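Engineer: Below is the file protein-v7.cif, with mmCIF, C-alpha atoms.
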```cif
data_data
#
loop_
_atom_site.group_PDB
_atom_site.id
_atom_site.type_symbol
_atom_site.label_atom_id
_atom_site.label_comp_id
_atom_site.auth_asym_id
_atom_site.auth_seq_id
_atom_site.Cartn_x
_atom_site.Cartn_y
_atom_site.Cartn_z
ATOM 1 C CA MET A 1 0.000 0.000 0.000
ATOM 2 C CA GLN A 2 1.267 3.450 -0.911
ATOM 3 C CA ILE A 3 1.833 5.929 1.904
ATOM 4 C CA ILE A 4 2.910 9.489 1.176
ATOM 5 C CA TYR A 5 4.904 11.344 3.823
ATOM 6 C CA TYR A 6 5.435 15.075 3.411
ATOM 7 C CA ILE A 7 8.323 17.175 4.687
ATOM 8 C CA GLY A 8 7.320 20.789 4.168
ATOM 9 C CA GLY A 9 8.637 24.017 5.584
ATOM 10 C CA SER A 10 11.056 26.621 4.328
ATOM 11 C CA PRO A 11 14.522 26.607 2.722
ATOM 12 C CA CYS A 12 17.777 25.947 4.551
ATOM 13 C CA SER A 13 16.297 23.848 7.345
ATOM 14 C CA GLY A 14 17.728 20.427 6.477
ATOM 15 C CA LYS A 15 14.516 19.064 4.928
ATOM 16 C CA SER A 16 16.225 17.404 1.983
ATOM 17 C CA THR A 17 18.901 15.771 4.131
ATOM 18 C CA VAL A 18 16.252 14.339 6.467
ATOM 19 C CA ALA A 19 14.260 13.074 3.475
ATOM 20 C CA GLU A 20 17.346 11.377 2.037
ATOM 21 C CA MET A 21 18.139 9.740 5.384
ATOM 22 C CA ILE A 22 14.615 8.336 5.717
ATOM 23 C CA CYS A 23 14.564 7.046 2.145
ATOM 24 C CA GLU A 24 17.929 5.349 2.604
ATOM 25 C CA LYS A 25 16.792 3.696 5.844
ATOM 26 C CA TYR A 26 13.317 2.576 4.761
ATOM 27 C CA GLY A 27 13.598 2.226 0.990
ATOM 28 C CA PHE A 28 11.037 4.935 0.268
ATOM 29 C CA GLN A 29 11.038 6.851 -2.989
ATOM 30 C CA TYR A 30 12.223 10.453 -2.709
ATOM 31 C CA TYR A 31 10.314 13.174 -4.549
ATOM 32 C CA LYS A 32 12.108 16.514 -4.259
ATOM 33 C CA ALA A 33 9.844 19.396 -5.275
ATOM 34 C CA ASP A 34 12.720 21.748 -6.142
ATOM 35 C CA ASP A 35 13.834 19.422 -8.936
ATOM 36 C CA PHE A 36 10.565 20.050 -10.788
ATOM 37 C CA LEU A 37 9.750 23.690 -10.023
ATOM 38 C CA MET A 38 11.068 25.211 -13.227
ATOM 39 C CA ASP A 39 9.559 22.450 -15.362
ATOM 40 C CA PHE A 40 6.153 23.032 -13.796
ATOM 41 C CA VAL A 41 6.424 26.808 -14.155
ATOM 42 C CA ALA A 42 7.149 26.233 -17.847
ATOM 43 C CA LYS A 43 4.181 23.863 -18.050
ATOM 44 C CA GLY A 44 2.015 26.504 -16.430
ATOM 45 C CA VAL A 45 3.133 29.076 -18.987
ATOM 46 C CA GLU A 46 2.348 26.588 -21.747
ATOM 47 C CA ASP A 47 -1.108 26.041 -20.242
ATOM 48 C CA GLY A 48 -1.790 29.768 -20.138
ATOM 49 C CA ASN A 49 -1.579 30.207 -16.363
ATOM 50 C CA GLU A 50 -1.486 33.980 -15.985
ATOM 51 C CA TRP A 51 0.327 34.090 -12.650
ATOM 52 C CA LEU A 52 3.066 31.618 -13.603
ATOM 53 C CA THR A 53 3.516 33.450 -16.900
ATOM 54 C CA HIS A 54 3.881 36.726 -15.012
ATOM 55 C CA ILE A 55 6.578 35.491 -12.629
ATOM 56 C CA SER A 56 8.468 33.712 -15.399
ATOM 57 C CA GLU A 57 8.904 37.048 -17.189
ATOM 58 C CA MET A 58 10.262 38.973 -14.181
ATOM 59 C CA THR A 59 13.886 40.133 -14.111
ATOM 60 C CA PRO A 60 15.967 39.674 -10.929
ATOM 61 C CA ASP A 61 15.497 43.377 -10.137
ATOM 62 C CA GLN A 62 11.748 43.150 -10.654
ATOM 63 C CA LEU A 63 11.637 40.115 -8.437
ATOM 64 C CA TRP A 64 13.925 40.951 -5.517
ATOM 65 C CA LEU A 65 14.071 44.740 -5.198
ATOM 66 C CA ARG A 66 10.597 44.964 -3.712
ATOM 67 C CA ASP A 67 8.829 44.754 -0.369
ATOM 68 C CA PRO A 68 9.561 41.368 1.314
ATOM 69 C CA GLN A 69 5.977 41.092 2.564
ATOM 70 C CA LYS A 70 4.771 41.311 -1.031
ATOM 71 C CA LEU A 71 7.367 38.747 -2.055
ATOM 72 C CA ASN A 72 6.087 36.357 0.600
ATOM 73 C CA GLU A 73 2.487 36.745 -0.548
ATOM 74 C CA GLU A 74 3.592 36.028 -4.097
ATOM 75 C CA GLU A 75 5.610 32.983 -3.053
ATOM 76 C CA LEU A 76 2.553 31.481 -1.414
ATOM 77 C CA LEU A 77 0.477 32.273 -4.502
ATOM 78 C CA THR A 78 3.080 30.684 -6.771
ATOM 79 C CA TYR A 79 3.007 27.412 -4.854
ATOM 80 C CA LYS A 80 -0.798 27.391 -4.950
ATOM 81 C CA ASN A 81 -0.641 27.683 -8.737
ATOM 82 C CA LEU A 82 1.994 24.950 -8.981
ATOM 83 C CA PHE A 83 0.336 22.474 -6.641
ATOM 84 C CA PRO A 84 -1.973 20.908 -9.267
ATOM 85 C CA TYR A 85 1.106 19.946 -11.306
ATOM 86 C CA PHE A 86 2.689 18.266 -8.286
ATOM 87 C CA SER A 87 -0.563 16.448 -7.541
ATOM 88 C CA GLU A 88 -0.776 15.191 -11.106
ATOM 89 C CA ALA A 89 2.797 13.927 -11.030
ATOM 90 C CA ILE A 90 2.293 12.209 -7.690
ATOM 91 C CA SER A 91 -0.850 10.447 -8.901
ATOM 92 C CA LYS A 92 1.261 8.546 -11.427
ATOM 93 C CA PHE A 93 3.519 6.901 -8.843
ATOM 94 C CA ASP A 94 3.469 3.162 -8.238
ATOM 95 C CA LYS A 95 0.679 2.493 -5.739
ATOM 96 C CA ASP A 96 2.840 -0.025 -3.897
ATOM 97 C CA THR A 97 5.647 2.456 -3.245
ATOM 98 C CA SER A 98 5.826 4.659 -0.164
ATOM 99 C CA ILE A 99 7.090 8.154 -0.907
ATOM 100 C CA ILE A 100 8.781 11.018 0.895
ATOM 101 C CA GLU A 101 7.722 14.263 -0.742
ATOM 102 C CA GLU A 102 9.889 17.166 0.319
ATOM 103 C CA GLY A 103 9.919 20.855 -0.410
ATOM 104 C CA ALA A 104 8.636 24.300 0.486
ATOM 105 C CA ALA A 105 6.095 23.869 -2.318
ATOM 106 C CA PHE A 106 4.102 21.458 -0.169
ATOM 107 C CA LEU A 107 2.204 24.047 1.858
ATOM 108 C CA PRO A 108 0.331 22.602 4.860
ATOM 109 C CA SER A 109 -2.917 24.181 3.707
ATOM 110 C CA LEU A 110 -2.623 22.521 0.298
ATOM 111 C CA VAL A 111 -1.531 19.027 1.282
ATOM 112 C CA ASN A 112 -4.406 18.365 3.692
ATOM 113 C CA THR A 113 -3.285 14.913 4.803
ATOM 114 C CA ASP A 114 -3.295 12.906 8.034
ATOM 115 C CA GLU A 115 -1.407 14.596 10.879
ATOM 116 C CA THR A 116 0.991 11.626 11.043
ATOM 117 C CA GLN A 117 2.037 12.088 7.410
ATOM 118 C CA TYR A 118 3.173 15.727 7.322
ATOM 119 C CA ILE A 119 5.873 17.577 9.211
ATOM 120 C CA CYS A 120 7.021 21.164 8.934
ATOM 121 C CA ILE A 121 10.685 22.119 9.396
ATOM 122 C CA VAL A 122 11.794 25.768 9.317
ATOM 123 C CA PRO A 123 15.029 27.546 10.252
ATOM 124 C CA THR A 124 15.411 30.623 12.399
ATOM 125 C CA LYS A 125 16.255 33.719 10.398
ATOM 126 C CA GLU A 126 19.763 33.819 11.854
ATOM 127 C CA PHE A 127 20.461 30.212 10.906
ATOM 128 C CA GLN A 128 19.080 30.724 7.409
ATOM 129 C CA VAL A 129 21.079 33.897 6.691
ATOM 130 C CA LYS A 130 24.304 32.328 7.938
ATOM 131 C CA HIS A 131 24.005 29.272 5.713
ATOM 132 C CA PHE A 132 22.649 31.041 2.649
ATOM 133 C CA SER A 133 25.549 33.477 2.858
ATOM 134 C CA GLU A 134 27.933 30.532 2.473
ATOM 135 C CA ARG A 135 26.368 29.283 -0.777
ATOM 136 C CA GLU A 136 28.292 30.481 -3.813
ATOM 137 C CA TRP A 137 25.388 30.004 -6.208
ATOM 138 C CA VAL A 138 23.297 32.543 -4.290
ATOM 139 C CA ARG A 139 25.698 35.415 -4.966
ATOM 140 C CA GLU A 140 26.174 34.263 -8.550
ATOM 141 C CA TYR A 141 22.416 34.265 -9.067
ATOM 142 C CA LEU A 142 22.071 37.771 -7.612
ATOM 143 C CA SER A 143 25.042 39.203 -9.517
ATOM 144 C CA SER A 144 22.713 40.432 -12.266
ATOM 145 C CA CYS A 145 20.767 42.597 -9.782
ATOM 146 C CA SER A 146 21.540 46.325 -9.723
ATOM 147 C CA ASP A 147 21.778 46.110 -5.914
ATOM 148 C CA ALA A 148 22.791 42.569 -4.962
ATOM 149 C CA ASP A 149 23.046 43.309 -1.232
ATOM 150 C CA LYS A 150 19.534 44.712 -1.051
ATOM 151 C CA ALA A 151 18.244 41.804 -3.136
ATOM 152 C CA PHE A 152 19.879 39.320 -0.742
ATOM 153 C CA ASN A 153 18.443 41.061 2.315
ATOM 154 C CA ASN A 154 14.974 41.130 0.744
ATOM 155 C CA TRP A 155 15.285 37.444 -0.125
ATOM 156 C CA MET A 156 16.241 36.521 3.434
ATOM 157 C CA GLU A 157 13.434 38.631 4.882
ATOM 158 C CA ARG A 158 10.988 37.060 2.420
ATOM 159 C CA ASP A 159 12.058 33.573 3.464
ATOM 160 C CA SER A 160 11.764 34.511 7.136
ATOM 161 C CA LEU A 161 8.195 35.688 6.572
ATOM 162 C CA PHE A 162 7.492 32.565 4.523
ATOM 163 C CA ALA A 163 8.777 30.357 7.357
ATOM 164 C CA LEU A 164 6.430 32.075 9.803
ATOM 165 C CA SER A 165 3.488 31.714 7.405
ATOM 166 C CA ILE A 166 4.122 28.004 6.927
ATOM 167 C CA LEU A 167 4.712 27.413 10.624
ATOM 168 C CA ASN A 168 1.380 29.041 11.473
ATOM 169 C CA GLN A 169 -0.406 27.010 8.800
ATOM 170 C CA ALA A 170 1.087 23.782 10.129
ATOM 171 C CA LYS A 171 0.136 24.539 13.722
ATOM 172 C CA GLU A 172 -3.431 25.402 12.715
ATOM 173 C CA MET A 173 -3.699 22.008 11.015
ATOM 174 C CA GLU A 174 -2.080 20.258 14.011
ATOM 175 C CA TYR A 175 0.943 19.029 12.082
ATOM 176 C CA LYS A 176 4.165 18.505 14.004
ATOM 177 C CA THR A 177 6.723 21.289 13.590
ATOM 178 C CA LEU A 178 10.434 21.766 14.180
ATOM 179 C CA ILE A 179 12.432 24.998 14.283
ATOM 180 C CA VAL A 180 16.109 24.601 13.391
ATOM 181 C CA ASP A 181 18.484 27.068 15.031
ATOM 182 C CA GLY A 182 21.807 25.247 14.820
ATOM 183 C CA THR A 183 21.881 24.027 18.416
ATOM 184 C CA LYS A 184 20.937 20.490 17.392
ATOM 185 C CA ASP A 185 22.464 18.324 14.660
ATOM 186 C CA ILE A 186 20.776 16.739 11.641
ATOM 187 C CA GLU A 187 20.475 13.403 13.467
ATOM 188 C CA GLU A 188 18.040 14.983 15.905
ATOM 189 C CA SER A 189 15.969 16.365 13.021
ATOM 190 C CA TYR A 190 15.977 12.873 11.526
ATOM 191 C CA GLN A 191 14.794 11.341 14.790
ATOM 192 C CA PHE A 192 12.067 13.992 15.051
ATOM 193 C CA ALA A 193 10.827 13.069 11.567
ATOM 194 C CA LYS A 194 10.869 9.324 12.245
ATOM 195 C CA GLU A 195 8.903 9.759 15.481
ATOM 196 C CA ALA A 196 6.403 12.135 13.864
ATOM 197 C CA PHE A 197 5.799 9.670 11.009
ATOM 198 C CA GLY A 198 5.592 6.699 13.376
ATOM 199 C CA LEU A 199 8.535 4.924 11.734
ATOM 200 C CA GLN A 200 10.239 2.240 13.807
#
```
Is it possible to give me this structure as structure tokens?
Structural biologist:
Amino acid sequence: MQIIYYIGGSPCSGKSTVAEMICEKYGFQYYKADDFLMDFVAKGVEDGNEWLTHISEMTPDQLWLRDPQKLNEEELLTYKNLFPYFSEAISKFDKDTSIIEEGAAFLPSLVNTDETQYICIVPTKEFQVKHFSEREWVREYLSSCSDADKAFNNWMERDSLFALSILNQAKEMEYKTLIVDGTKDIEESYQFAKEAFGLQ
């Protein structure tokens, strides 16, 4: 029988590492939302989705040099528009295979599953900024912005607001949540996930 476990939350919280550890231990299939985001945005454009077409045409300046609160609202809206594509893809999986689905795209309010099959992991803002600052690809991506420092700060503030939004959603739906601040290692996050999912 197929069981789908979701690891949602926000970036830079160790979600993917926890998902990989569980899949290695239990033989589950790993579905990483980030690997399909751009493909599904392109599919949305092809299908005439107005919102996904709009964001696909934005320049880095148009995207990041704006109010972080607005950016957060748009991030949530983007995932709502993408969710049908994830649902369609998931429906095609082998019904005898258990799956770990991981990514910020799996908003608690959209997944609507059993409370034992969804967990939410988010980082503190300080933890997120520290680790994002160490990723070379982030600065390379923002190098085309007219003000890369402001763009980075807006991005980090957006993600902090997103983390709070997702955390509140998860709590309202009585899903288990974990806040990562760097005081505990990835093994403890892994154990949290196993216990929350009822895995022996």
Engineer: Under the PyMOL selection byres ((chain A and resi 101) around 7), which residues of this model are included? Write them out as a list in words.
Structural biologist: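 Taken over the shown coordinates, the PyMOL selection byres ((chain A and resi 101) around 7) returns Tyr5, Tyr6, Ile7, Tyr30, Tyr31, Lys32, Ile99, Ile100, Glu102 and Gly103 of chain A.
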Engineer: When the PyMOL selection byres ((chain A and resi 178) around 6) is applied to the file above, which residues end up in the set, as a list in words?
Structural biologist: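 For this structure, the PyMOL selection byres ((chain A and resi 178) around 6) resolves to Ile121, Thr177 and Ile179 of chain A.
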Engineer: Report as a VMD selection string the full result of the PyMOL selection byres ((chain A and resi 195) around 12) when it is applied to this structure.
Structural biologist: chain A and resid 22 116 to 119 176 to 177 188 to 194 196 to 200
Engineer: Could you state the separation of atom CA of A:Asp147 and atom CA of A:Ser165 in Å, given to one decimal place?
Structural biologist: 26.8 Å
Engineer: Please measure the separation of atom CA of A:Pro11 and atom CA of A:Lys125, giving the value in Å to one decimal.
Structural biologist: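 Answer for the atom CA of A:Pro11 to atom CA of A:Lys125 separation: 10.6 Å.
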Engineer: Around all of stretch 175-187 of chain A's listed atoms, make the axis-aligned box with 6 Å on each side and tell me centre and edge lengths in Å to one decimal, as lines of an AutoDock Vina configuration file.
Structural biologist:
```
center_x = 11.7
center_y = 20.2
center_z = 15.0
size_x = 33.5
size_y = 25.7
size_z = 18.8
```
Engineer: Could you give me, as CSV, every stretch 66-152 of chain A residue with an atom at most 12 Å from stretch 43-54 of chain A, plus its closest atom pair and distance in Å to one decimal, counting all atoms listed in the file, rows ordered by chain then number?
Structural biologist:
```
residue,atom,partner,partner_atom,distance
A:Glu74,CA,A:Trp51,CA,9.4
A:Glu75,CA,A:Leu52,CA,10.9
A:Leu76,CA,A:Trp51,CA,11.7
A:Leu77,CA,A:Trp51,CA,8.3
A:Thr78,CA,A:Leu52,CA,6.9
A:Tyr79,CA,A:Leu52,CA,9.7
A:Lys80,CA,A:Trp51,CA,10.3
A:Asn81,CA,A:Leu52,CA,7.3
A:Leu82,CA,A:Gly44,CA,7.6
A:Phe83,CA,A:Gly44,CA,10.7
A:Pro84,CA,A:Gly44,CA,9.9
A:Tyr85,CA,A:Gly44,CA,8.4
A:Phe86,CA,A:Lys43,CA,11.4
```
Engineer: Identify the residues within 12 Å of coordinate (7.1, 44.2, 5.0) (same frame as the file), considering only C-alpha atoms, and give the answer as an MDAnalysis selection string.
Structural biologist: chainID A and resid 66:73 154:155 157:162
Engineer: What is the distance between atom CA of A:Lys15 and atom CA of A:Val129, in Å to one decimal?
Structural biologist: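 Pair atom CA of A:Lys15 / atom CA of A:Val129 returns 16.3 Å.
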Engineer: Would you be able to write out as a PyMOL selection string which residues have an atom within 9 Å of (20.9, 37.9, -13.2) in the file's coordinates, counting all atoms listed in the file?
Structural biologist: chain A and resi 59-61+140-145
Engineer: Given all atoms listed in the file as the basis, pick out the residue of A:Ala33, A:Lys150, A:Lys130, A:Gly14 nearest to A:Ile90.
Structural biologist: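 Nearest candidate to A:Ile90 out of A:Ala33, A:Lys150, A:Lys130, A:Gly14: A:Ala33.
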Engineer: List the spatial neighbours of stretch 93-98 of chain A as a count of residues only - criterion: any atom at most 10 Å away, only C-alpha atoms, same-chain residues fewer than 5 positions off excluded.
Structural biologist: 12
